[in-house]
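Colleague: Mind looking over this structure? Questions follow.
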Amino acid sequence: MEIPHENPAFIGDDGKSARGQSRALRNSDKEAKLSENDSKKNERATWGKGVEFLFSCIAMSVGLGNVWRFPFTALDNGGGAFLIPYLIVLFLIGKPIYYLEMAIGQFSSSGSVKVFNLCPAMKGIGIGQVLSISFVTTYYVAIMGMIVRYLFDSFKSPLPWTVCDDAWSEACVASGTMPVPEPIIEISTGVSSVVNDNTLHNVSTLINASVMPHHTKTISSAELYFIKDVLREKDNIDDGIGLPNWELVLGLLVSWTTIFLVVHRGVKSSGKASYFLALFPYVIMAVLLVRAVTLPGSADGIIFFIKPDWSKILDPKVWYAAVT
């Protein structure tokens with residue numbers, strides 16, 4: 001078979017035909033475009049501004065736990081004394097690990113799992129981090145769902161948790177109006193009392209204590225509202241778990257939708273949300289602080305925090321609470 005002869009007019013100085021050269025150029029252009037597309041796909045998104053990274057770190061450091069969990073934990077573990085183990089654990093364990101993770105992540109531009117390509121034997125740590133974050137997220141989203149429920153209920157008048165429902169309990173007492181029997185008035189002035197060598201820190205505890213066996217135990221409308229209306233707990237496990245509460249389901253939907261909108265574009269979207277997420281918790285804590293110090297008995301709570309129970313420092317449970 002005769003090979004077609006190339007026209008000398010289309011032969012280049014290097015002895016190659018122009019047709020072959022153009023084909024090679026097209027192939028190289030395609031390879032360049034493919035490699036460029038691959039590099040764009042592999043390129044991680046970066047923060048729009050440096051301040052977004054700072055605000056994201058602040059938002060991670062302050063959250064729901066600072067508002068509702070920390071005060072209770074401090075009260076249950078010696079008041080102001082709890083700050084000592086908490087600060088020790090924070091600066092010796094919490095902050096070093098926090099900065100170490102942040103530095104490695106910024107240096108490698110990788111996620112929790114991929115960053116351990118530096119040491120494949122430790123990749124299980126990254127997988128464990130992702131799983132633990134997923135579990136904690138479901139835990140906090142449930143709380144957020146209840147917060148959304150309370151947010152909408154707070155626009156009702158009167159507030160539904162300040163009044164008793166006939167279906168709740170005969171022992172229900174409207175919040176803030178709990179009656180105090182005459183014997184109690186003589187031995188208690190409010191927040192801190194000692195009866196039969198037992199320290200009691202509020203009137204409701206004193207009313208329900210065993211030192212008053214002939215007095216009917218009471219429960220506040222706020223607690224009953226949470227148990228009976230929000231959670232809809234059954235009296236016995238034999239009664240089953242009941243149907244889903246559609247109000248809480250809507251709260252969960254709002255919470256998960258908000259999370260999706262914040263993280264769906266990575267740092268591009270979370271960076272913009274960080275402006276709000278970093279500042280709003282401090283606004284909430286300031287509002288709660290002003291409200292707390294204006295409530296009756298607030299001075300006693302402040303004194304309890306200033307005069308801590310130093311014996312609690314040696315209790316292993318206090319250190320465990322500081323770690324968790």
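Chain identifiers are assigned as A, B, and so on, following the order in which chains appear in the structure tokens; residues are numbered from 1 within each chain, and ligands are numbered from 1 in order of appearance.
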Give the helix (DSSP H, G or I) residues of range 227-273 of chain A, as assigned by DSSP on the backbone, as a PyMOL selection string.
Modeller: chain A and resi 227-230+237-239+246-263+267-273
Colleague: Keeping only N, CA and C atoms, write those residues as a compact mmCIF listing (two decimals), in the first residue's frame.
Modeller:
```txt
# COMPACT_ATOMS: atom_id res chain seq x y z
N ILE A 227 -41.86 19.86 80.56
CA ILE A 227 -42.03 18.40 80.57
C ILE A 227 -43.28 17.97 79.81
N LYS A 228 -44.39 18.64 80.08
CA LYS A 228 -45.68 18.19 79.56
C LYS A 228 -46.00 18.75 78.18
N ASP A 229 -45.58 19.98 77.90
CA ASP A 229 -45.99 20.61 76.65
C ASP A 229 -44.89 20.56 75.59
N VAL A 230 -43.64 20.80 76.00
CA VAL A 230 -42.54 20.82 75.03
C VAL A 230 -42.07 19.39 74.75
N ILE A 237 -42.99 4.25 81.00
CA ILE A 237 -42.39 3.78 79.75
C ILE A 237 -43.36 2.87 78.99
N ASP A 238 -44.31 2.28 79.72
CA ASP A 238 -45.29 1.41 79.06
C ASP A 238 -46.21 2.20 78.14
N ASP A 239 -46.29 3.51 78.35
CA ASP A 239 -47.16 4.34 77.52
C ASP A 239 -46.56 4.63 76.15
N TRP A 246 -44.95 18.10 66.34
CA TRP A 246 -44.73 18.82 65.08
C TRP A 246 -44.05 20.16 65.31
N GLU A 247 -44.25 20.77 66.47
CA GLU A 247 -43.60 22.06 66.75
C GLU A 247 -42.09 21.88 66.90
N LEU A 248 -41.69 20.79 67.57
CA LEU A 248 -40.26 20.51 67.69
C LEU A 248 -39.67 20.07 66.35
N VAL A 249 -40.47 19.37 65.56
CA VAL A 249 -40.00 18.97 64.22
C VAL A 249 -39.72 20.20 63.38
N LEU A 250 -40.60 21.20 63.44
CA LEU A 250 -40.35 22.44 62.71
C LEU A 250 -39.12 23.16 63.25
N GLY A 251 -38.94 23.11 64.57
CA GLY A 251 -37.74 23.72 65.15
C GLY A 251 -36.47 23.04 64.67
N LEU A 252 -36.50 21.71 64.58
CA LEU A 252 -35.35 20.97 64.06
C LEU A 252 -35.11 21.31 62.59
N LEU A 253 -36.19 21.45 61.83
CA LEU A 253 -36.05 21.79 60.41
C LEU A 253 -35.40 23.16 60.25
N VAL A 254 -35.83 24.12 61.05
CA VAL A 254 -35.22 25.45 61.00
C VAL A 254 -33.75 25.38 61.38
N SER A 255 -33.42 24.60 62.40
CA SER A 255 -32.04 24.49 62.87
C SER A 255 -31.14 23.86 61.81
N TRP A 256 -31.57 22.72 61.24
CA TRP A 256 -30.76 22.05 60.22
C TRP A 256 -30.64 22.90 58.96
N THR A 257 -31.70 23.62 58.60
CA THR A 257 -31.63 24.50 57.42
C THR A 257 -30.62 25.61 57.65
N THR A 258 -30.61 26.17 58.85
CA THR A 258 -29.64 27.23 59.18
C THR A 258 -28.22 26.70 59.09
N ILE A 259 -27.98 25.50 59.62
CA ILE A 259 -26.65 24.90 59.55
C ILE A 259 -26.23 24.69 58.10
N PHE A 260 -27.15 24.20 57.28
CA PHE A 260 -26.83 23.97 55.87
C PHE A 260 -26.46 25.27 55.17
N LEU A 261 -27.20 26.34 55.43
CA LEU A 261 -26.91 27.61 54.78
C LEU A 261 -25.56 28.17 55.22
N VAL A 262 -25.15 27.85 56.44
CA VAL A 262 -23.88 28.36 56.95
C VAL A 262 -22.70 27.60 56.35
N VAL A 263 -22.82 26.29 56.14
CA VAL A 263 -21.66 25.48 55.76
C VAL A 263 -21.69 24.99 54.32
N VAL A 267 -15.87 27.77 53.71
CA VAL A 267 -15.48 29.01 54.39
C VAL A 267 -16.05 30.24 53.72
N LYS A 268 -16.48 30.13 52.48
CA LYS A 268 -17.08 31.27 51.80
C LYS A 268 -18.37 31.69 52.49
N SER A 269 -19.19 30.71 52.86
CA SER A 269 -20.46 31.02 53.52
C SER A 269 -20.29 31.13 55.04
N SER A 270 -19.50 30.24 55.64
CA SER A 270 -19.32 30.31 57.08
C SER A 270 -18.55 31.56 57.49
N GLY A 271 -17.66 32.04 56.62
CA GLY A 271 -16.94 33.28 56.92
C GLY A 271 -17.87 34.47 57.01
N LYS A 272 -18.86 34.53 56.12
CA LYS A 272 -19.84 35.63 56.17
C LYS A 272 -20.72 35.50 57.41
N ALA A 273 -21.08 34.26 57.76
CA ALA A 273 -21.93 34.05 58.94
C ALA A 273 -21.18 34.31 60.24
```
Colleague: Residues at most 12 Å from range 68-70 of chain A, counting only C-alpha atoms, excluding those fewer than 5 positions away in the same chain, as a tab-separated table (two decimals) with N, CA and C atoms, in the first residue's frame?
Modeller:
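So around04.tsv came out as:
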```
chain	number	residue	atom	x	y	z
A	62	VAL	N	-17.17	30.39	71.69
A	62	VAL	CA	-18.34	30.80	72.48
A	62	VAL	C	-19.58	30.22	71.83
A	63	GLY	N	-20.39	29.53	72.63
A	63	GLY	CA	-21.59	28.91	72.07
A	63	GLY	C	-22.67	28.75	73.11
A	75	LEU	N	-22.16	26.11	89.44
A	75	LEU	CA	-22.95	26.06	90.67
A	75	LEU	C	-22.88	24.68	91.32
A	76	ASP	N	-22.86	23.66	90.52
A	76	ASP	CA	-22.88	22.28	91.02
A	76	ASP	C	-21.51	21.80	91.47
A	77	ASN	N	-20.46	22.59	91.19
A	77	ASN	CA	-19.09	22.15	91.49
A	77	ASN	C	-18.31	23.19	92.28
A	79	GLY	N	-19.08	26.61	92.83
A	79	GLY	CA	-19.16	28.03	92.51
A	79	GLY	C	-17.86	28.55	91.92
A	80	GLY	N	-17.32	29.62	92.53
A	80	GLY	CA	-16.10	30.23	92.01
A	80	GLY	C	-14.91	29.30	92.05
A	82	PHE	N	-14.77	26.38	91.05
A	82	PHE	CA	-14.74	25.60	89.81
A	82	PHE	C	-13.88	26.29	88.75
A	83	LEU	N	-13.72	27.61	88.85
A	83	LEU	CA	-12.93	28.33	87.86
A	83	LEU	C	-11.47	27.90	87.87
A	86	TYR	N	-11.12	24.65	85.98
A	86	TYR	CA	-11.55	24.95	84.61
A	86	TYR	C	-10.46	25.71	83.84
A	140	TYR	N	-26.75	19.20	69.96
A	140	TYR	CA	-27.01	20.63	70.06
A	140	TYR	C	-28.17	21.07	69.17
A	143	ILE	N	-31.30	20.87	71.08
A	143	ILE	CA	-31.47	22.02	71.96
A	143	ILE	C	-31.89	23.24	71.15
A	144	MET	N	-31.30	23.43	69.98
A	144	MET	CA	-31.68	24.56	69.13
A	144	MET	C	-33.14	24.47	68.72
A	147	ILE	N	-35.10	25.75	71.49
A	147	ILE	CA	-34.95	27.20	71.58
A	147	ILE	C	-35.85	27.89	70.57
A	281	PRO	N	-23.56	35.95	70.42
A	281	PRO	CA	-23.53	35.34	71.76
A	281	PRO	C	-23.17	36.31	72.86
A	284	ILE	N	-26.26	38.31	73.70
A	284	ILE	CA	-27.17	37.50	74.51
A	284	ILE	C	-26.68	37.40	75.95
A	285	MET	N	-25.37	37.15	76.14
A	285	MET	CA	-24.84	37.03	77.50
A	285	MET	C	-24.95	38.35	78.26
A	288	LEU	N	-28.61	38.65	79.31
A	288	LEU	CA	-28.89	37.74	80.42
A	288	LEU	C	-28.23	38.21	81.71
A	321	ALA	N	-15.72	17.45	85.36
A	321	ALA	CA	-16.64	18.44	84.80
A	321	ALA	C	-15.88	19.54	84.07
A	322	ALA	N	-14.69	19.90	84.58
A	322	ALA	CA	-13.88	20.93	83.91
A	322	ALA	C	-13.40	20.46	82.55
A	323	VAL	N	-13.06	19.17	82.44
A	323	VAL	CA	-12.59	18.63	81.16
A	323	VAL	C	-13.71	18.54	80.15
A	324	THR	N	-14.88	18.12	80.60
A	324	THR	CA	-15.99	17.91	79.67
A	324	THR	C	-16.75	19.18	79.37
```
Colleague: Which residue gives the smallest distance to Phe55 in chain A among A:Ser112, A:Ser157, A:Asn236, A:Ser274, with only C-alpha atoms counted?
Modeller: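 Counting only C-alpha atoms, the residue closest to Phe55 in chain A is A:Ser274.
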Colleague: Would you kindly return, as a JSON list (two decimals) with C-alpha atoms, in the first residue's frame, each protein, DNA or RNA residue with an atom no farther than 12 Å from any atom of Trp319 in chain A, considering only C-alpha atoms and excluding same-chain residues fewer than 5 positions away?
Modeller:
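Final file, part_36.json:
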```json
[["chain", "number", "residue", "atom", "x", "y", "z"],
["A", 73, "THR", "CA", -21.85, 23.29, 86.10],
["A", 74, "ALA", "CA", -20.11, 26.00, 88.14],
["A", 77, "ASN", "CA", -19.09, 22.15, 91.49],
["A", 78, "GLY", "CA", -18.27, 24.71, 94.13],
["A", 81, "ALA", "CA", -13.81, 27.36, 93.03],
["A", 82, "PHE", "CA", -14.74, 25.60, 89.81],
["A", 83, "LEU", "CA", -12.93, 28.33, 87.86],
["A", 84, "ILE", "CA", -9.54, 27.09, 89.09],
["A", 85, "PRO", "CA", -9.69, 23.56, 87.61],
["A", 86, "TYR", "CA", -11.55, 24.95, 84.61],
["A", 87, "LEU", "CA", -8.84, 27.52, 83.80],
["A", 88, "ILE", "CA", -6.04, 24.99, 84.45],
["A", 89, "VAL", "CA", -7.59, 22.48, 82.05],
["A", 90, "LEU", "CA", -8.36, 25.25, 79.56],
["A", 312, "LYS", "CA", -14.63, 20.90, 95.93],
["A", 313, "ILE", "CA", -11.23, 21.44, 94.28],
["A", 314, "LEU", "CA", -9.99, 18.05, 95.53],
["A", 324, "THR", "CA", -15.99, 17.91, 79.67]]
```
